[in-house]
Structures are given as structure tokens and as C-alpha cells.
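K.L.:
Take a look at entry22.cif, mmCIF, C-alpha atoms:
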```cif
data_entry
#
loop_
_atom_site.group_PDB
_atom_site.id
_atom_site.type_symbol
_atom_site.label_atom_id
_atom_site.label_comp_id
_atom_site.auth_asym_id
_atom_site.auth_seq_id
_atom_site.Cartn_x
_atom_site.Cartn_y
_atom_site.Cartn_z
ATOM 1 C CA MET A 1 143.027 101.324 63.611
ATOM 2 C CA ALA A 2 141.358 103.713 61.223
ATOM 3 C CA LYS A 3 140.140 100.820 59.098
ATOM 4 C CA VAL A 4 138.517 99.103 62.075
ATOM 5 C CA ALA A 5 136.709 102.288 63.061
ATOM 6 C CA ALA A 6 135.345 102.713 59.552
ATOM 7 C CA LYS A 7 133.970 99.167 59.562
ATOM 8 C CA THR A 8 132.062 99.583 62.829
ATOM 9 C CA ALA A 9 130.389 102.886 61.858
ATOM 10 C CA PRO A 10 126.588 102.743 62.318
ATOM 11 C CA ALA A 11 124.607 101.874 59.211
ATOM 12 C CA SER A 12 122.206 104.776 59.609
ATOM 13 C CA LEU A 13 122.501 108.054 61.455
ATOM 14 C CA SER A 14 118.798 108.826 61.497
ATOM 15 C CA VAL A 15 117.098 108.938 64.883
ATOM 16 C CA GLY A 16 113.440 108.027 65.245
ATOM 17 C CA ARG A 17 111.013 110.582 66.604
ATOM 18 C CA ARG A 18 110.071 109.819 70.196
ATOM 19 C CA SER A 19 107.094 111.368 71.914
ATOM 20 C CA ALA A 20 107.767 113.132 75.220
ATOM 21 C CA LEU A 21 104.929 111.080 76.684
ATOM 22 C CA ALA A 22 105.697 107.773 74.935
ATOM 23 C CA GLY A 23 104.165 104.786 76.675
ATOM 24 C CA ARG A 24 102.271 106.722 79.328
ATOM 25 C CA GLU A 25 98.624 106.134 80.094
ATOM 26 C CA ALA A 26 96.331 106.767 83.039
ATOM 27 C CA LEU A 27 93.030 105.095 83.785
ATOM 28 C CA GLY A 28 90.400 106.228 86.246
ATOM 29 C CA ALA A 29 86.819 105.213 86.912
ATOM 30 C CA GLY A 30 85.173 106.286 83.654
ATOM 31 C CA VAL A 31 88.094 108.218 82.187
ATOM 32 C CA LYS A 32 91.201 107.424 80.183
ATOM 33 C CA VAL A 33 94.125 109.831 79.721
ATOM 34 C CA GLU A 34 96.562 109.021 76.922
ATOM 35 C CA PRO A 35 98.958 110.929 74.670
ATOM 36 C CA LEU A 36 97.880 111.440 71.054
ATOM 37 C CA GLY A 37 100.158 110.851 68.108
ATOM 38 C CA PRO A 38 102.055 113.523 66.201
ATOM 39 C CA ALA A 39 100.075 115.997 64.105
ATOM 40 C CA GLU A 40 100.777 118.878 61.770
ATOM 41 C CA ARG A 41 100.051 122.179 63.515
ATOM 42 C CA VAL A 42 100.048 125.733 62.261
ATOM 43 C CA SER A 43 99.568 128.931 64.221
ATOM 44 C CA LEU A 44 97.654 131.146 61.816
ATOM 45 C CA ARG A 45 97.247 134.907 62.184
ATOM 46 C CA ALA A 46 95.326 136.892 59.619
ATOM 47 C CA PRO A 47 92.987 139.877 59.343
ATOM 48 C CA ALA A 48 89.314 139.280 58.556
ATOM 49 C CA GLU A 49 89.843 140.205 54.874
ATOM 50 C CA SER A 50 92.163 137.222 54.393
ATOM 51 C CA ALA A 51 89.895 134.640 56.032
ATOM 52 C CA ALA A 52 88.012 133.716 52.850
ATOM 53 C CA SER A 53 91.115 133.071 50.791
ATOM 54 C CA LEU A 54 92.746 131.071 53.620
ATOM 55 C CA SER A 55 89.573 129.010 54.014
ATOM 56 C CA ARG A 56 89.716 128.097 50.331
ATOM 57 C CA ALA A 57 93.414 127.227 50.537
ATOM 58 C CA LEU A 58 92.954 125.005 53.598
ATOM 59 C CA GLY A 59 89.646 123.461 52.522
ATOM 60 C CA VAL A 60 88.066 124.370 55.886
ATOM 61 C CA THR A 61 86.122 127.548 56.629
ATOM 62 C CA LEU A 62 87.897 129.486 59.372
ATOM 63 C CA PRO A 63 85.467 129.919 62.279
ATOM 64 C CA GLU A 64 84.678 133.551 63.144
ATOM 65 C CA LYS A 65 82.746 133.117 66.372
ATOM 66 C CA PRO A 66 84.577 132.954 69.708
ATOM 67 C CA LYS A 67 85.131 129.516 71.257
ATOM 68 C CA THR A 68 84.177 127.615 68.097
ATOM 69 C CA SER A 69 85.981 125.328 65.670
ATOM 70 C CA ALA A 70 85.558 123.871 62.215
ATOM 71 C CA ALA A 71 86.496 120.353 61.129
ATOM 72 C CA LYS A 72 86.654 118.742 57.709
ATOM 73 C CA GLY A 73 88.446 115.618 56.501
ATOM 74 C CA GLY A 74 90.901 115.126 59.360
ATOM 75 C CA ARG A 75 91.646 118.829 59.527
ATOM 76 C CA VAL A 76 90.522 121.008 62.447
ATOM 77 C CA VAL A 77 90.680 124.796 62.786
ATOM 78 C CA LEU A 78 90.304 126.172 66.310
ATOM 79 C CA TRP A 79 89.339 129.811 66.981
ATOM 80 C CA LEU A 80 91.833 131.257 69.476
ATOM 81 C CA GLY A 81 91.341 134.999 69.037
ATOM 82 C CA PRO A 82 89.712 137.509 66.669
ATOM 83 C CA ASP A 83 92.598 137.074 64.203
ATOM 84 C CA GLU A 84 94.239 133.895 65.449
ATOM 85 C CA TRP A 85 93.597 130.229 64.717
ATOM 86 C CA LEU A 86 95.272 126.904 65.447
ATOM 87 C CA VAL A 87 95.116 124.531 62.482
ATOM 88 C CA LEU A 88 95.585 120.804 63.117
ATOM 89 C CA ASP A 89 96.018 117.984 60.637
ATOM 90 C CA GLU A 90 96.342 114.516 62.118
ATOM 91 C CA GLU A 91 97.033 112.912 58.756
ATOM 92 C CA GLY A 92 100.262 114.873 58.485
ATOM 93 C CA LYS A 93 99.305 116.747 55.315
ATOM 94 C CA ASP A 94 101.355 119.828 54.444
ATOM 95 C CA LEU A 95 99.493 122.670 56.153
ATOM 96 C CA LEU A 96 102.143 125.318 55.533
ATOM 97 C CA GLY A 97 102.131 124.509 51.826
ATOM 98 C CA ASP A 98 98.359 124.891 51.721
ATOM 99 C CA CYS A 99 98.492 128.219 53.601
ATOM 100 C CA ALA A 100 101.083 129.476 51.129
ATOM 101 C CA LYS A 101 98.498 129.079 48.341
ATOM 102 C CA ALA A 102 96.510 131.942 49.870
ATOM 103 C CA LYS A 103 97.831 135.178 48.395
ATOM 104 C CA GLN A 104 96.180 137.466 50.941
ATOM 105 C CA LEU A 105 98.142 138.805 53.905
ATOM 106 C CA HIS A 106 98.620 136.218 56.654
ATOM 107 C CA SER A 107 101.209 134.693 58.950
ATOM 108 C CA ALA A 108 101.420 130.907 59.197
ATOM 109 C CA VAL A 109 103.960 129.462 61.607
ATOM 110 C CA GLY A 110 104.595 125.724 61.842
ATOM 111 C CA ILE A 111 104.382 124.570 65.468
ATOM 112 C CA SER A 112 103.944 120.823 64.895
ATOM 113 C CA HIS A 113 106.739 119.898 67.296
ATOM 114 C CA ARG A 114 106.082 122.642 69.827
ATOM 115 C CA ASN A 115 102.819 121.164 71.077
ATOM 116 C CA MET A 116 101.828 117.816 72.523
ATOM 117 C CA ALA A 117 98.277 116.544 72.453
ATOM 118 C CA ILE A 118 96.649 114.533 75.222
ATOM 119 C CA SER A 119 93.309 112.783 74.896
ATOM 120 C CA VAL A 120 90.967 112.685 77.873
ATOM 121 C CA SER A 121 88.010 110.441 77.115
ATOM 122 C CA GLY A 122 85.200 108.630 78.849
ATOM 123 C CA PRO A 123 82.046 109.597 80.733
ATOM 124 C CA ALA A 124 84.124 111.288 83.463
ATOM 125 C CA ALA A 125 86.335 113.249 81.036
ATOM 126 C CA GLU A 126 84.608 116.535 81.884
ATOM 127 C CA ALA A 127 85.147 116.040 85.626
ATOM 128 C CA CYS A 128 88.781 115.124 84.985
ATOM 129 C CA VAL A 129 89.617 118.283 82.985
ATOM 130 C CA SER A 130 87.561 120.443 85.352
ATOM 131 C CA ALA A 131 89.933 119.457 88.151
ATOM 132 C CA GLY A 132 92.389 122.029 86.816
ATOM 133 C CA CYS A 133 90.519 124.157 84.298
ATOM 134 C CA PRO A 134 88.542 127.103 85.737
ATOM 135 C CA GLN A 135 86.121 127.358 82.802
ATOM 136 C CA ASP A 136 82.586 125.995 82.835
ATOM 137 C CA LEU A 137 82.919 122.791 80.780
ATOM 138 C CA SER A 138 79.297 121.648 80.978
ATOM 139 C CA LEU A 139 77.773 120.822 77.599
ATOM 140 C CA ALA A 140 75.584 123.939 77.802
ATOM 141 C CA ALA A 141 78.574 126.291 78.134
ATOM 142 C CA PHE A 142 81.200 124.233 76.285
ATOM 143 C CA PRO A 143 79.369 122.226 73.603
ATOM 144 C CA VAL A 144 80.804 119.625 71.232
ATOM 145 C CA GLY A 145 83.177 121.412 68.850
ATOM 146 C CA ALA A 146 84.021 124.175 71.326
ATOM 147 C CA SER A 147 87.651 125.202 71.635
ATOM 148 C CA THR A 148 89.522 127.719 73.723
ATOM 149 C CA ARG A 149 92.876 128.671 75.075
ATOM 150 C CA THR A 150 92.774 128.442 78.859
ATOM 151 C CA VAL A 151 94.769 127.175 81.846
ATOM 152 C CA LEU A 152 95.104 123.767 83.480
ATOM 153 C CA GLY A 153 96.665 124.056 86.893
ATOM 154 C CA LYS A 154 99.686 126.254 86.266
ATOM 155 C CA ALA A 155 100.105 125.535 82.564
ATOM 156 C CA GLU A 156 98.499 127.161 79.554
ATOM 157 C CA ILE A 157 96.578 124.724 77.377
ATOM 158 C CA ILE A 158 94.334 124.726 74.342
ATOM 159 C CA LEU A 159 91.184 122.743 74.964
ATOM 160 C CA TYR A 160 89.050 121.232 72.212
ATOM 161 C CA ARG A 161 85.983 119.064 72.617
ATOM 162 C CA PRO A 162 85.583 116.732 69.613
ATOM 163 C CA ALA A 163 82.801 114.711 71.296
ATOM 164 C CA ALA A 164 80.585 115.026 74.373
ATOM 165 C CA ASP A 165 82.802 112.658 76.365
ATOM 166 C CA ALA A 166 86.187 113.483 74.855
ATOM 167 C CA PHE A 167 88.657 116.357 75.148
ATOM 168 C CA ARG A 168 91.835 117.121 73.293
ATOM 169 C CA VAL A 169 94.315 118.964 75.509
ATOM 170 C CA GLU A 170 97.120 120.705 73.616
ATOM 171 C CA CYS A 171 100.059 121.999 75.611
ATOM 172 C CA TRP A 172 103.642 122.985 74.997
ATOM 173 C CA ARG A 173 106.002 120.020 74.851
ATOM 174 C CA SER A 174 108.014 121.140 77.868
ATOM 175 C CA PHE A 175 104.782 121.403 79.901
ATOM 176 C CA SER A 176 103.519 117.987 78.786
ATOM 177 C CA ASP A 177 104.961 116.059 81.740
ATOM 178 C CA TYR A 178 103.271 118.445 84.184
ATOM 179 C CA VAL A 179 99.963 118.463 82.291
ATOM 180 C CA PHE A 180 99.879 114.692 81.867
ATOM 181 C CA THR A 181 100.705 114.070 85.522
ATOM 182 C CA PHE A 182 98.057 116.611 86.559
ATOM 183 C CA LEU A 183 95.430 114.872 84.416
ATOM 184 C CA SER A 184 96.503 111.436 85.701
ATOM 185 C CA GLU A 185 96.026 112.582 89.290
ATOM 186 C CA ALA A 186 92.675 114.121 88.333
ATOM 187 C CA ALA A 187 91.609 110.885 86.644
ATOM 188 C CA ARG A 188 91.976 109.008 89.940
ATOM 189 C CA ASP A 189 89.410 111.303 91.569
ATOM 190 C CA ALA A 190 87.095 111.915 88.630
ATOM 191 C CA ALA A 191 83.754 110.187 88.547
ATOM 192 C CA ALA A 192 81.023 110.726 85.987
ATOM 193 C CA MET B 193 86.842 133.601 91.723
ATOM 194 C CA LEU B 194 86.025 136.769 89.793
ATOM 195 C CA LEU B 195 84.347 136.383 86.437
ATOM 196 C CA ILE B 196 85.490 138.981 83.918
ATOM 197 C CA HIS B 197 83.570 139.714 80.737
ATOM 198 C CA CYS B 198 85.937 139.640 77.759
ATOM 199 C CA PRO B 199 84.577 141.902 74.989
ATOM 200 C CA TYR B 200 86.333 139.799 72.327
ATOM 201 C CA CYS B 201 85.270 136.361 73.623
ATOM 202 C CA GLU B 202 81.836 137.868 74.324
ATOM 203 C CA GLU B 203 81.392 135.995 77.583
ATOM 204 C CA GLU B 204 82.468 135.879 81.207
ATOM 205 C CA ARG B 205 85.704 134.056 81.852
ATOM 206 C CA PRO B 206 87.508 133.134 85.089
ATOM 207 C CA GLU B 207 90.015 135.673 86.359
ATOM 208 C CA LEU B 208 92.902 133.162 86.115
ATOM 209 C CA GLU B 209 92.930 133.746 82.352
ATOM 210 C CA PHE B 210 93.485 137.508 82.714
ATOM 211 C CA ARG B 211 96.307 139.834 83.604
ATOM 212 C CA ASN B 212 96.148 143.482 84.626
ATOM 213 C CA ALA B 213 98.059 145.878 82.393
ATOM 214 C CA GLY B 214 97.916 149.209 84.245
ATOM 215 C CA GLU B 215 95.827 152.323 83.859
ATOM 216 C CA ALA B 216 93.923 152.908 80.629
ATOM 217 C CA HIS B 217 93.564 156.058 78.528
ATOM 218 C CA VAL B 218 97.107 157.292 79.215
ATOM 219 C CA VAL B 219 97.754 159.168 75.981
ATOM 220 C CA ARG B 220 101.239 159.120 74.517
ATOM 221 C CA SER B 221 102.331 162.452 73.107
ATOM 222 C CA ALA B 222 102.659 162.701 69.339
ATOM 223 C CA ASN B 223 105.747 164.834 69.841
ATOM 224 C CA MET B 224 107.622 162.866 72.490
ATOM 225 C CA ALA B 225 110.978 164.604 71.893
ATOM 226 C CA GLY B 226 109.391 168.007 72.475
ATOM 227 C CA GLU B 227 107.813 167.066 75.809
ATOM 228 C CA SER B 228 108.983 168.967 78.873
ATOM 229 C CA ASP B 229 110.413 166.885 81.730
ATOM 230 C CA GLU B 230 107.352 167.630 83.864
ATOM 231 C CA ASP B 231 104.928 166.501 81.157
ATOM 232 C CA PHE B 232 106.952 163.366 80.509
ATOM 233 C CA GLU B 233 107.007 162.557 84.196
ATOM 234 C CA LYS B 234 103.214 162.907 84.298
ATOM 235 C CA PHE B 235 102.813 160.640 81.265
ATOM 236 C CA PHE B 236 105.341 158.047 82.333
ATOM 237 C CA PHE B 237 105.142 157.775 86.109
ATOM 238 C CA ILE B 238 102.103 159.505 87.560
ATOM 239 C CA ARG B 239 98.945 157.411 87.832
ATOM 240 C CA SER B 240 95.598 158.461 89.258
ATOM 241 C CA ASN B 241 95.234 155.682 91.906
ATOM 242 C CA PRO B 242 91.662 156.689 92.816
ATOM 243 C CA LYS B 243 89.450 155.289 95.533
ATOM 244 C CA GLY B 244 86.406 154.123 93.611
ATOM 245 C CA ILE B 245 86.025 153.900 89.843
ATOM 246 C CA ILE B 246 89.216 153.258 87.892
ATOM 247 C CA TYR B 247 89.756 152.705 84.157
ATOM 248 C CA GLU B 248 92.263 149.940 83.514
ATOM 249 C CA ARG B 249 93.779 147.937 80.691
ATOM 250 C CA TRP B 250 93.454 144.192 81.042
ATOM 251 C CA ARG B 251 94.706 141.388 78.874
ATOM 252 C CA HIS B 252 92.966 138.061 78.283
ATOM 253 C CA ILE B 253 96.391 136.488 78.122
ATOM 254 C CA HIS B 254 95.367 132.831 78.529
ATOM 255 C CA GLY B 255 92.365 133.239 76.231
ATOM 256 C CA CYS B 256 92.102 135.330 73.094
ATOM 257 C CA ALA B 257 95.300 137.190 74.142
ATOM 258 C CA ARG B 258 93.621 140.547 73.448
ATOM 259 C CA PHE B 259 94.057 143.780 75.414
ATOM 260 C CA PHE B 260 90.832 145.516 76.416
ATOM 261 C CA ASN B 261 89.689 148.178 78.853
ATOM 262 C CA ALA B 262 87.787 147.621 82.066
ATOM 263 C CA VAL B 263 86.031 149.871 84.549
ATOM 264 C CA ARG B 264 86.578 148.595 88.060
ATOM 265 C CA ASP B 265 85.684 149.785 91.528
ATOM 266 C CA THR B 266 88.783 149.731 93.717
ATOM 267 C CA VAL B 267 86.677 149.660 96.894
ATOM 268 C CA THR B 268 84.455 146.682 96.111
ATOM 269 C CA ASP B 269 86.818 145.066 93.552
ATOM 270 C CA LYS B 270 83.805 144.709 91.246
ATOM 271 C CA PHE B 271 84.095 145.021 87.488
ATOM 272 C CA VAL B 272 81.529 147.609 86.388
ATOM 273 C CA MET B 273 81.955 146.982 82.662
ATOM 274 C CA THR B 274 84.522 146.127 79.992
ATOM 275 C CA TYR B 275 84.939 147.456 76.468
ATOM 276 C CA LYS B 276 87.252 146.934 73.516
ATOM 277 C CA ALA B 277 90.635 148.609 73.267
ATOM 278 C CA GLY B 278 90.531 151.835 71.275
ATOM 279 C CA GLU B 279 86.958 152.649 72.230
ATOM 280 C CA PRO B 280 86.376 155.931 74.126
ATOM 281 C CA LYS B 281 85.669 156.064 77.849
ATOM 282 C CA PRO B 282 82.022 155.098 78.347
ATOM 283 C CA LYS B 283 79.904 158.115 79.278
ATOM 284 C CA LYS B 284 77.403 156.176 81.347
ATOM 285 C CA LEU B 285 78.391 153.395 83.702
ATOM 286 C CA PRO B 286 75.735 150.784 84.450
ATOM 287 C CA GLY B 287 74.708 150.730 88.097
ATOM 288 C CA VAL B 288 76.972 153.586 89.204
ATOM 289 C CA ALA B 289 75.579 156.797 90.670
ATOM 290 C CA LYS B 290 77.316 159.930 89.449
#
```
What is this structure when it is put down as C-alpha cells?
P.N.:
Amino acid sequence: MAKVAAKTAPASLSVGRRSALAGREALGAGVKVEPLGPAERVSLRAPAESAASLSRALGVTLPEKPKTSAAKGGRVVLWLGPDEWLVLDEEGKDLLGDCAKAKQLHSAVGISHRNMAISVSGPAAEACVSAGCPQDLSLAAFPVGASTRTVLGKAEIILYRPAADAFRVECWRSFSDYVFTFLSEAARDAAA
Amino acid sequence: MLLIHCPYCEEERPELEFRNAGEAHVVRSANMAGESDEDFEKFFFIRSNPKGIIYERWRHIHGCARFFNAVRDTVTDKFVMTYKAGEPKPKKLPGVAK
């Protein structure tokens, strides 16, 4: 019996990574809601004195002004607070390794798998996100490149606007079902 | 919805992003072990609860996550002004008669 069991053992024990929102998509008149692929994410906390050395290590200048972001070569740094940033790398490059090159005081925590990203795009994207986000998202108040932590319905999200008609909604993985469903419902009503 | 000016975000944000964190300028004694029971009770439990202007701590929890201080009128529910944590009580309040 033992010999038979050994022969039928699976060839590989590795399990593929599966997105919490795999295969989901929502279309509305002028808006498309879809999950984005995995990305490297780092929650970065550092005092102002360390910002220059971290900017050099990451290859992107850390933004200092509230509600702004900086992007360079597939890497985006979002301002979250006076000493807090969210660093994203969609090409999967080693962000923690790069942060470690900075010798100044800082705290870099890998949160790649904690967050999910959802793309809301199309001419009615602003109306769709506004269905649950209390902030003024007009281009005058929330221009291209703006980023902020805020709320969507009952969940906390991080909102980033890479283009005039596109939003990146980052939320915790366990909230992603709620956030995606909320945005899908909003997409049905949204019109540009 | 109330709009609250966050001194760290430097703009008005919707109240849903904020959370109240009790009365401001309650000073903790440097010698806590030497405090009398009466003084400790005053520090720990007794709050001013005024009708009118109150100084409060607020936190922009779903924003920059920073604590700051706010001057609020408990009668009208209006925010008179906000200022960064650690700054002294403002001497002059805009639009408030002494």
C-alpha cells in the first residue's frame, strides 16, 4: 500500500497565486471596473531628513506636498501623510531591497499581498468613484497624479488618479469583495 | 456633511475621514507617581464639557492619519479653526467675540 501511495504523490506542491477578484469585471455606460494585477507595495515611513536618501535609493523623488504623487519608470510613490508614503512597483522589482540601500532612518514594510488594486476607467470613472467617496474628485480639486487615503462606502481606500479618466483604487484584500461590488453597482448608475 | 480643515493636508476634507479624540490640552503630569488621588482624578476623568467654545483633539484617521487640535463651538457645531498638534492654544479665534 505504501508503494502505491508514493507513486500517486503530486508532481509539484506549489500552488499558483490567485487574485481575490480573479475573473471579475463590471461595465457601465462609459466606465469599466476591473481588478489590476499583482504589484510590489511598500509602506514607507520616514522623517523629512531621510527623504533625500530614500529618493536616491528608490530612483523616484518622494513627494512632499499633500495629496500628490511621483511616478518614474513603472514606480509610483503616493503621499499619504507628512512622513508616510505608499510605494508601488507594477513590474515586481524588489522595493524592499532598494529601500534597504538608504542608510538613513526609515521603516519600510512590505504590503504587496495586503492590498488589492482595482482600476476604474472611462469618461464616467469620476462619477463612479464619487458614488462612495466623499471627496471632491473634480479635476480642479483632484488633478491627474493626485493621491489620497480616503473612504469608499464603509471601507478605507487609497485613491490615485493616473489619468483624467482613470482611477486606481487600492484597498485591503479582505475588503476587496465589498469595494469591487460597490464600484460595480456604482458603474451601473454612473454616466459621464 | 461638515468640512474640516486638516492642518497637515492643508485643505478641507469631509467629516467621514475624521474621528474625534477627546479634549485637547489635558496635560499629563511629569511626576505621575507623586500625584494625589484628587489631582489624578482631575487629569484622568474630569473634562470641561463647556457650552460654547471647546478645544478638542481630532484625528484625520482615513486621510493623513495625523492627530491635530480643533476649536469647535458646541452650540452651533461649527469648527472655528484647526491647528497642528503640539501648538499652543490660539490666543485669538477668528470670528468669535470674547
K.L.:
In Å, how far is it from CA of Glu203 (chain B) to CA of Ala117 (chain A)?
P.N.:
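Between these atoms lies a distance of 26.3 Å.
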K.L.:
Here's the selection I'm unsure about, the PyMOL selection byres ((chain A and resi 98) around 10); applied to the file above, which residues does it give, as a list in words?
P.N.:
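So the PyMOL selection byres ((chain A and resi 98) around 10) ends up selecting Leu54, Ser55, Arg56, Ala57, Leu58, Gly59, Lys93, Asp94, Leu95, Leu96, Gly97, Cys99, Ala100, Lys101 and Ala102 of chain A.
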K.L.:
Can you work out which one of A:Trp85, A:Phe175, A:Tyr160, A:Phe182 has the shortest atom-to-atom distance to chain B, counting only C-alpha atoms?
P.N.:
A:Trp85
K.L.:
If you apply the PyMOL selection byres ((chain A and resi 84) around 12) to this file, what residues do you get, as a PyMOL selection string?
P.N.:
(chain A and resi 42-48+50-51+62-67+69+77-83+85-87+106-109+148-149) or (chain B and resi 255-258)
K.L.:
Next, the residues of the selection above should be written as a PDB file, in the frame of the given file with C-alpha atoms.
P.N.:
```pdb
ATOM      1  CA  VAL A  42     100.048 125.733  62.261  1.00  0.00           C
ATOM      2  CA  SER A  43      99.568 128.931  64.221  1.00  0.00           C
ATOM      3  CA  LEU A  44      97.654 131.146  61.816  1.00  0.00           C
ATOM      4  CA  ARG A  45      97.247 134.907  62.184  1.00  0.00           C
ATOM      5  CA  ALA A  46      95.326 136.892  59.619  1.00  0.00           C
ATOM      6  CA  PRO A  47      92.987 139.877  59.343  1.00  0.00           C
ATOM      7  CA  ALA A  48      89.314 139.280  58.556  1.00  0.00           C
ATOM      8  CA  SER A  50      92.163 137.222  54.393  1.00  0.00           C
ATOM      9  CA  ALA A  51      89.895 134.640  56.032  1.00  0.00           C
ATOM     10  CA  LEU A  62      87.897 129.486  59.372  1.00  0.00           C
ATOM     11  CA  PRO A  63      85.467 129.919  62.279  1.00  0.00           C
ATOM     12  CA  GLU A  64      84.678 133.551  63.144  1.00  0.00           C
ATOM     13  CA  LYS A  65      82.746 133.117  66.372  1.00  0.00           C
ATOM     14  CA  PRO A  66      84.577 132.954  69.708  1.00  0.00           C
ATOM     15  CA  LYS A  67      85.131 129.516  71.257  1.00  0.00           C
ATOM     16  CA  SER A  69      85.981 125.328  65.670  1.00  0.00           C
ATOM     17  CA  VAL A  77      90.680 124.796  62.786  1.00  0.00           C
ATOM     18  CA  LEU A  78      90.304 126.172  66.310  1.00  0.00           C
ATOM     19  CA  TRP A  79      89.339 129.811  66.981  1.00  0.00           C
ATOM     20  CA  LEU A  80      91.833 131.257  69.476  1.00  0.00           C
ATOM     21  CA  GLY A  81      91.341 134.999  69.037  1.00  0.00           C
ATOM     22  CA  PRO A  82      89.712 137.509  66.669  1.00  0.00           C
ATOM     23  CA  ASP A  83      92.598 137.074  64.203  1.00  0.00           C
ATOM     24  CA  TRP A  85      93.597 130.229  64.717  1.00  0.00           C
ATOM     25  CA  LEU A  86      95.272 126.904  65.447  1.00  0.00           C
ATOM     26  CA  VAL A  87      95.116 124.531  62.482  1.00  0.00           C
ATOM     27  CA  HIS A 106      98.620 136.218  56.654  1.00  0.00           C
ATOM     28  CA  SER A 107     101.209 134.693  58.950  1.00  0.00           C
ATOM     29  CA  ALA A 108     101.420 130.907  59.197  1.00  0.00           C
ATOM     30  CA  VAL A 109     103.960 129.462  61.607  1.00  0.00           C
ATOM     31  CA  THR A 148      89.522 127.719  73.723  1.00  0.00           C
ATOM     32  CA  ARG A 149      92.876 128.671  75.075  1.00  0.00           C
TER      33      ARG A 149
ATOM     34  CA  GLY B 255      92.365 133.239  76.231  1.00  0.00           C
ATOM     35  CA  CYS B 256      92.102 135.330  73.094  1.00  0.00           C
ATOM     36  CA  ALA B 257      95.300 137.190  74.142  1.00  0.00           C
ATOM     37  CA  ARG B 258      93.621 140.547  73.448  1.00  0.00           C
TER      38      ARG B 258
END
```
K.L.:
B:Cys201, B:Ile245, B:Val219, B:Ala213: which is nearest chain A, counting all atoms listed in the file?
P.N.:
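Closest to chain A, using all atoms listed in the file: B:Cys201.
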K.L.:
Restricting the calculation to only C-alpha atoms, which member of A:Val169, A:Met116, A:Leu88, A:Val76 is positioned closest to Arg18 (chain A)?
P.N.:
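Of the candidates, the smallest distance to Arg18 (chain A) is held by A:Met116.
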K.L.:
Could you rebuild region 233-239 of chain B with all heavy atoms and give me the result as a compact mmCIF listing (two decimals), in the frame of the given file?
P.N.:
```txt
# COMPACT_ATOMS: atom_id res chain seq x y z
N GLU B 233 107.15 163.22 82.90
CA GLU B 233 107.01 162.56 84.20
C GLU B 233 105.54 162.20 84.44
O GLU B 233 105.21 161.09 84.86
CB GLU B 233 107.52 163.46 85.32
CG GLU B 233 107.50 162.78 86.68
CD GLU B 233 107.37 163.75 87.84
OE1 GLU B 233 107.07 164.94 87.61
OE2 GLU B 233 107.56 163.32 88.98
N LYS B 234 104.65 163.16 84.12
CA LYS B 234 103.21 162.91 84.30
C LYS B 234 102.76 161.72 83.44
O LYS B 234 102.01 160.86 83.89
CB LYS B 234 102.42 164.16 83.89
CG LYS B 234 102.09 165.05 85.07
CD LYS B 234 101.19 166.19 84.63
CE LYS B 234 101.40 167.35 85.57
NZ LYS B 234 101.18 168.64 84.90
N PHE B 235 103.22 161.71 82.18
CA PHE B 235 102.81 160.64 81.26
C PHE B 235 103.37 159.29 81.71
O PHE B 235 102.69 158.28 81.67
CB PHE B 235 103.30 160.98 79.84
CG PHE B 235 103.43 159.78 78.94
CD1 PHE B 235 102.30 159.17 78.40
CD2 PHE B 235 104.68 159.25 78.65
CE1 PHE B 235 102.42 158.07 77.58
CE2 PHE B 235 104.80 158.14 77.84
CZ PHE B 235 103.67 157.54 77.30
N PHE B 236 104.63 159.31 82.15
CA PHE B 236 105.34 158.05 82.33
C PHE B 236 105.16 157.45 83.73
O PHE B 236 105.08 156.23 83.87
CB PHE B 236 106.83 158.28 82.07
CG PHE B 236 107.55 157.04 81.62
CD1 PHE B 236 107.31 156.51 80.35
CD2 PHE B 236 108.46 156.42 82.45
CE1 PHE B 236 107.97 155.37 79.94
CE2 PHE B 236 109.13 155.27 82.03
CZ PHE B 236 108.88 154.76 80.77
N PHE B 237 105.12 158.31 84.75
CA PHE B 237 105.14 157.78 86.11
C PHE B 237 103.86 158.01 86.91
O PHE B 237 103.53 157.21 87.77
CB PHE B 237 106.31 158.40 86.90
CG PHE B 237 107.65 158.04 86.36
CD1 PHE B 237 108.44 159.00 85.75
CD2 PHE B 237 108.14 156.75 86.47
CE1 PHE B 237 109.68 158.67 85.25
CE2 PHE B 237 109.39 156.42 85.96
CZ PHE B 237 110.16 157.38 85.35
N ILE B 238 103.19 159.12 86.66
CA ILE B 238 102.10 159.50 87.56
C ILE B 238 100.80 158.83 87.15
O ILE B 238 100.34 158.98 86.02
CB ILE B 238 101.92 161.03 87.58
CG1 ILE B 238 103.26 161.72 87.84
CG2 ILE B 238 100.87 161.44 88.61
CD1 ILE B 238 103.91 161.37 89.17
N ARG B 239 100.21 158.07 88.09
CA ARG B 239 98.94 157.41 87.83
C ARG B 239 97.91 157.93 88.82
O ARG B 239 98.24 158.42 89.89
CB ARG B 239 99.11 155.89 87.97
CG ARG B 239 100.04 155.29 86.91
CD ARG B 239 99.41 155.41 85.53
NE ARG B 239 100.30 154.93 84.47
CZ ARG B 239 101.05 155.72 83.70
NH1 ARG B 239 101.05 157.02 83.88
NH2 ARG B 239 101.81 155.21 82.75
```
